[in-house]
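As structure tokens, the structure follows; a few thoughts come after it.
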Amino acid sequence: MSRFANYKSIIVVLSTIGSLAIGTPIKLSEEAISTTPSKAAGMSNCPRIVSRSEWRARSPTEEYLPMVVSPSSYVVAHHGGIPHYCYDETTCANIVRSYQDLHMDVNTWADIGYHFVIGGDGNVYEGRGWDHVGAHCPGYNGQGIGICIIGDYTSRMPNNASLEAFQSLIDCGISLGKVKPDYKLIGHRQGRDTQCPGETFYAHIKTMPHWEPNPVPLWGVSGKGVFKPGTKTANLTGTQRWTGLIALGVPMATSTRVGDGTIAEKAALNAAKKLIKCGVDSGKINKTYVLLAHKQVAQTACPGNKLFNVIKK
Ligand SMILES: [Zn+2]
């Protein structure tokens with residue numbers, strides 16, 4: 001029987017938006033993800049970056065996704081929102097660990113959500129680093145570096161050491177090619193309903209030269225649990241892996257291009273097939289699943305004629 005005909009079981013919809021979450025978590029060693037400090041060391045623009053092993057970070061529970069936009073076009077400012085402050089590395093590291101515990105144990109995210117955390121000691125503490133999707137601001141997790149200054153800045157400003165580290169970290173990102181020189185700076189509250197980064201700090205951010213009053217979110221990327229379904233199985237990395245996800249419809253509407261016959265696009269289709277197989281094998285998708293295109297269930301041209309022709313086969 002054709003996979004098209006039967007709607008009785010689980011339905012897989014190929015689309016250009018949406019998200020998927022299947023598969024089992026893969027633990028990565030700290031060495032595998034912690035590349036920032038060694039690269040940053042010695043760069044004149046870079047502040048001291050305390051590595052994950054130095055602040056004794058827990059390992060993430062899932063594999064990271066690469067940033068969607070790189071170099072990043074946004075920097076998102078956060079505050080901790082908790083009136084705990086620190087002026088030495090030991091105390092700051094304790095607080096960073098408490099943020100990580102909160103994000104992992106209470107929010108059940110795969111890791112601390114921020115890309116970097118800054119302490120009143122003027123140090124930068126490495127979170128997810130420059131290269132991985134964060135979990136800090138909806139619409140910006142894949143295109144913006146989330147930087148959190150420890151403390152609550154509702155009615156006071158971060159100290160000078162924190163503010164200097166904040167700017168020098170951004171300059172460092174630019175010098176490393178991780179942040180666009182014409183990056184846009186926003187406060188967390190511009191992306192969602194929150195007081196973060198605190199009224200006083202936000203008023204200051206609005207005076208900074210890169211502040212952007214009208215930011216544009218990029219949807220479809222969630223770093224809460226980091227997406228990693230069949231991608232390991234599909235054996236793709238970096239941009240190739242994103243292309244694989246795009247074919248299955250994560251954020252960018254490029255699927256009309258799929259099927260043009262280039263290597264990356266074949267890889268994307270193969271990744272899509274492997275992802276579905278992975279879902280079936282791991283019991284997340286019914287064996288008798290029905291494959292549909294977005295246009296079959298909604299008023300849309302998605303996923304484009306070329307991909308639709310492929311799907312119909
Ligand atoms: Zn925030």
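Labeling convention for the structure tokens: chains A, B, ... as they appear, residues from 1 per chain, ligands from 1 in order of appearance.
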
8 Å shell around ligand 1 using only C-alpha atoms and all ligand atoms, listed as an NGL selection string: :A and (77-81 or 136-137 or 148 or 187-189 or 194-197)

Just N, CA and C atoms for this one: save the residues we selected as a CSV table (one decimal), in the first residue's frame.
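Contents of the output file result.csv:
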```csv
chain,number,residue,atom,x,y,z
A,77,ALA,N,21.8,40.6,25.8
A,77,ALA,CA,22.2,40.8,27.1
A,77,ALA,C,21.2,40.3,28.2
A,78,HIS,N,21.7,39.6,29.2
A,78,HIS,CA,20.9,39.1,30.3
A,78,HIS,C,21.5,39.5,31.6
A,79,HIS,N,20.7,39.5,32.6
A,79,HIS,CA,21.2,39.5,34.0
A,79,HIS,C,20.8,38.2,34.7
A,80,GLY,N,21.4,37.8,35.8
A,80,GLY,CA,21.0,36.6,36.4
A,80,GLY,C,19.6,36.7,37.0
A,81,GLY,N,19.2,37.9,37.4
A,81,GLY,CA,17.9,38.1,38.0
A,81,GLY,C,17.8,37.7,39.5
A,136,HIS,N,18.5,30.8,25.6
A,136,HIS,CA,18.5,32.0,26.4
A,136,HIS,C,17.5,33.0,26.0
A,137,CYS,N,17.0,33.0,24.7
A,137,CYS,CA,16.1,34.0,24.2
A,137,CYS,C,15.4,33.5,23.0
A,148,CYS,N,25.2,36.7,30.0
A,148,CYS,CA,24.6,37.0,31.2
A,148,CYS,C,25.5,37.6,32.2
A,187,GLY,N,18.4,43.6,24.5
A,187,GLY,CA,18.2,43.0,25.8
A,187,GLY,C,17.2,41.9,25.7
A,188,HIS,N,17.3,40.9,26.6
A,188,HIS,CA,16.4,39.7,26.6
A,188,HIS,C,15.0,40.1,26.5
A,189,ARG,N,14.5,41.2,27.1
A,189,ARG,CA,13.1,41.6,27.1
A,189,ARG,C,12.6,41.9,25.7
A,194,THR,N,9.8,39.4,29.7
A,194,THR,CA,10.6,39.2,30.9
A,194,THR,C,11.2,40.6,31.3
A,195,GLN,N,11.6,40.7,32.6
A,195,GLN,CA,12.2,41.9,33.1
A,195,GLN,C,13.7,42.0,32.7
A,196,CYS,N,14.3,40.8,32.4
A,196,CYS,CA,15.7,40.7,32.1
A,196,CYS,C,16.1,41.6,30.9
A,197,PRO,N,17.2,42.3,30.9
A,197,PRO,CA,18.3,42.2,31.8
A,197,PRO,C,18.2,43.2,33.0
```

For segment 119-127 of chain A, find every residue with an atom within 9 Å (counting only C-alpha atoms), except residues of its own chain fewer than 6 positions away, and show them as a VMD selection string. chain A and resid 34 36 to 37 47 to 52 54 to 55 57 85 to 89 92 to 93 95 to 96 100 111 to 113 134 148 to 151 158 to 166 169

Find the residue from A:Gly173, A:Pro217, A:Pro60, A:Gly146 that sits nearest to Ile118 of chain A; use only C-alpha atoms when measuring.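 Answer, going by the shortest atom-to-atom distance: A:Gly146.
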
Provide the atom CA of His84 of chain A to atom CA of Ser98 of chain A distance in Å, to one decimal place.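 It comes out at 10.8 Å.
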
Hey, can you check how far atom CA of Ser175 of chain A sits from atom CA of Pro71 of chain A?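 Rounded to one decimal, the two atoms are 10.7 Å apart.
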
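Restricting the calculation to only C-alpha atoms, the smallest distance between Cys172 of chain A and any of A:Thr154, A:Asn45, A:Asn214, A:Asn309 is found for A:Asn45.
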
Distance query Pro181 of chain A at most 12 Å, only C-alpha atoms, self and fewer than 4 positions along chain excluded, as a PyMOL selection string: chain A and resi 70-75+170-177+185+210

Would you put the residues from that selection into a file with C-alpha atoms, as an mmCIF file, in the first residue's frame?
```
data_model
loop_
_atom_site.group_PDB
_atom_site.id
_atom_site.type_symbol
_atom_site.label_atom_id
_atom_site.label_comp_id
_atom_site.auth_asym_id
_atom_site.auth_seq_id
_atom_site.Cartn_x
_atom_site.Cartn_y
_atom_site.Cartn_z
ATOM 1 C CA SER A 70 27.667 32.397 12.072
ATOM 2 C CA PRO A 71 29.266 34.818 12.641
ATOM 3 C CA SER A 72 26.398 35.709 14.966
ATOM 4 C CA SER A 73 24.421 38.792 14.029
ATOM 5 C CA TYR A 74 23.030 39.458 17.515
ATOM 6 C CA VAL A 75 24.312 39.767 21.050
ATOM 7 C CA ILE A 170 32.088 41.025 22.130
ATOM 8 C CA ASP A 171 35.265 42.543 20.656
ATOM 9 C CA CYS A 172 36.946 39.183 21.198
ATOM 10 C CA GLY A 173 34.097 37.468 19.306
ATOM 11 C CA ILE A 174 34.565 39.862 16.409
ATOM 12 C CA SER A 175 38.318 39.293 16.315
ATOM 13 C CA LEU A 176 37.755 35.523 16.297
ATOM 14 C CA GLY A 177 35.213 35.800 13.460
ATOM 15 C CA LEU A 185 22.772 44.360 20.600
ATOM 16 C CA HIS A 210 25.011 48.677 18.608
#
```

Quick one: pull the distance between atom CA of Gly191 of chain A and atom CA of Pro83 of chain A, Å, one decimal.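 Between atom CA of Gly191 of chain A and atom CA of Pro83 of chain A the gap works out to 22.7 Å.
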
Residue nearest Trp211 of chain A - candidates A:Asp105, A:Lys274, A:Ala135, A:Val76, atoms counted: only C-alpha atoms: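 Between A:Asp105, A:Lys274, A:Ala135, A:Val76, the residue approaching Trp211 of chain A most closely is A:Val76.
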
If you run DSSP on the backbone, which residues of segment 30-149 of chain A are alpha helix (DSSP H), as number ranges by chain? A: 30-33, 36-40, 89-101

Hey, can you spit out that residue selection with N, CA and C atoms as an mmCIF file, in the first residue's frame?
```cif
data_model
loop_
_atom_site.group_PDB
_atom_site.id
_atom_site.type_symbol
_atom_site.label_atom_id
_atom_site.label_comp_id
_atom_site.auth_asym_id
_atom_site.auth_seq_id
_atom_site.Cartn_x
_atom_site.Cartn_y
_atom_site.Cartn_z
ATOM 1 N N GLU A 30 33.727 16.912 28.047
ATOM 2 C CA GLU A 30 34.002 18.345 28.115
ATOM 3 C C GLU A 30 35.058 18.747 27.080
ATOM 4 N N GLU A 31 36.043 17.875 26.853
ATOM 5 C CA GLU A 31 37.106 18.235 25.907
ATOM 6 C C GLU A 31 36.547 18.447 24.509
ATOM 7 N N ALA A 32 35.500 17.660 24.193
ATOM 8 C CA ALA A 32 34.951 17.718 22.838
ATOM 9 C C ALA A 32 34.290 19.050 22.544
ATOM 10 N N ILE A 33 33.813 19.738 23.577
ATOM 11 C CA ILE A 33 33.064 20.965 23.320
ATOM 12 C C ILE A 33 33.819 22.208 23.753
ATOM 13 N N THR A 36 36.845 27.105 23.287
ATOM 14 C CA THR A 36 36.962 28.554 23.301
ATOM 15 C C THR A 36 38.199 29.088 24.025
ATOM 16 N N PRO A 37 38.499 28.607 25.230
ATOM 17 C CA PRO A 37 39.547 29.268 25.993
ATOM 18 C C PRO A 37 40.913 29.213 25.324
ATOM 19 N N SER A 38 41.261 28.054 24.762
ATOM 20 C CA SER A 38 42.581 27.951 24.175
ATOM 21 C C SER A 38 42.728 28.877 22.968
ATOM 22 N N LYS A 39 41.613 28.964 22.177
ATOM 23 C CA LYS A 39 41.646 29.860 21.029
ATOM 24 C C LYS A 39 41.717 31.313 21.471
ATOM 25 N N ALA A 40 40.977 31.605 22.550
ATOM 26 C CA ALA A 40 40.875 32.990 22.986
ATOM 27 C C ALA A 40 42.159 33.449 23.668
ATOM 28 N N GLU A 89 36.914 34.611 41.758
ATOM 29 C CA GLU A 89 36.616 33.502 40.862
ATOM 30 C C GLU A 89 35.890 32.346 41.559
ATOM 31 N N THR A 90 36.279 32.064 42.795
ATOM 32 C CA THR A 90 35.661 30.938 43.501
ATOM 33 C C THR A 90 34.164 31.177 43.696
ATOM 34 N N THR A 91 33.829 32.381 44.153
ATOM 35 C CA THR A 91 32.421 32.700 44.401
ATOM 36 C C THR A 91 31.641 32.756 43.083
ATOM 37 N N CYS A 92 32.242 33.380 42.082
ATOM 38 C CA CYS A 92 31.554 33.480 40.788
ATOM 39 C C CYS A 92 31.320 32.091 40.191
ATOM 40 N N ALA A 93 32.323 31.229 40.265
ATOM 41 C CA ALA A 93 32.181 29.870 39.717
ATOM 42 C C ALA A 93 31.040 29.130 40.412
ATOM 43 N N ASN A 94 30.904 29.342 41.719
ATOM 44 C CA ASN A 94 29.791 28.726 42.456
ATOM 45 C C ASN A 94 28.450 29.192 41.905
ATOM 46 N N ILE A 95 28.361 30.486 41.630
ATOM 47 C CA ILE A 95 27.098 31.034 41.120
ATOM 48 C C ILE A 95 26.817 30.510 39.708
ATOM 49 N N VAL A 96 27.859 30.445 38.871
ATOM 50 C CA VAL A 96 27.666 29.914 37.515
ATOM 51 C C VAL A 96 27.165 28.468 37.599
ATOM 52 N N ARG A 97 27.729 27.704 38.523
ATOM 53 C CA ARG A 97 27.252 26.317 38.697
ATOM 54 C C ARG A 97 25.787 26.291 39.128
ATOM 55 N N SER A 98 25.393 27.252 39.963
ATOM 56 C CA SER A 98 23.989 27.277 40.402
ATOM 57 C C SER A 98 23.065 27.629 39.232
ATOM 58 N N TYR A 99 23.532 28.496 38.324
ATOM 59 C CA TYR A 99 22.735 28.790 37.124
ATOM 60 C C TYR A 99 22.598 27.530 36.275
ATOM 61 N N GLN A 100 23.712 26.813 36.135
ATOM 62 C CA GLN A 100 23.663 25.596 35.326
ATOM 63 C C GLN A 100 22.716 24.570 35.948
ATOM 64 N N ASP A 101 22.782 24.429 37.273
ATOM 65 C CA ASP A 101 21.876 23.485 37.952
ATOM 66 C C ASP A 101 20.420 23.873 37.720
#
```

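Closest approach to Lys178 of chain A among A:Leu291, A:Leu269, A:Val69, A:Cys278: A:Val69, based on only C-alpha atoms.
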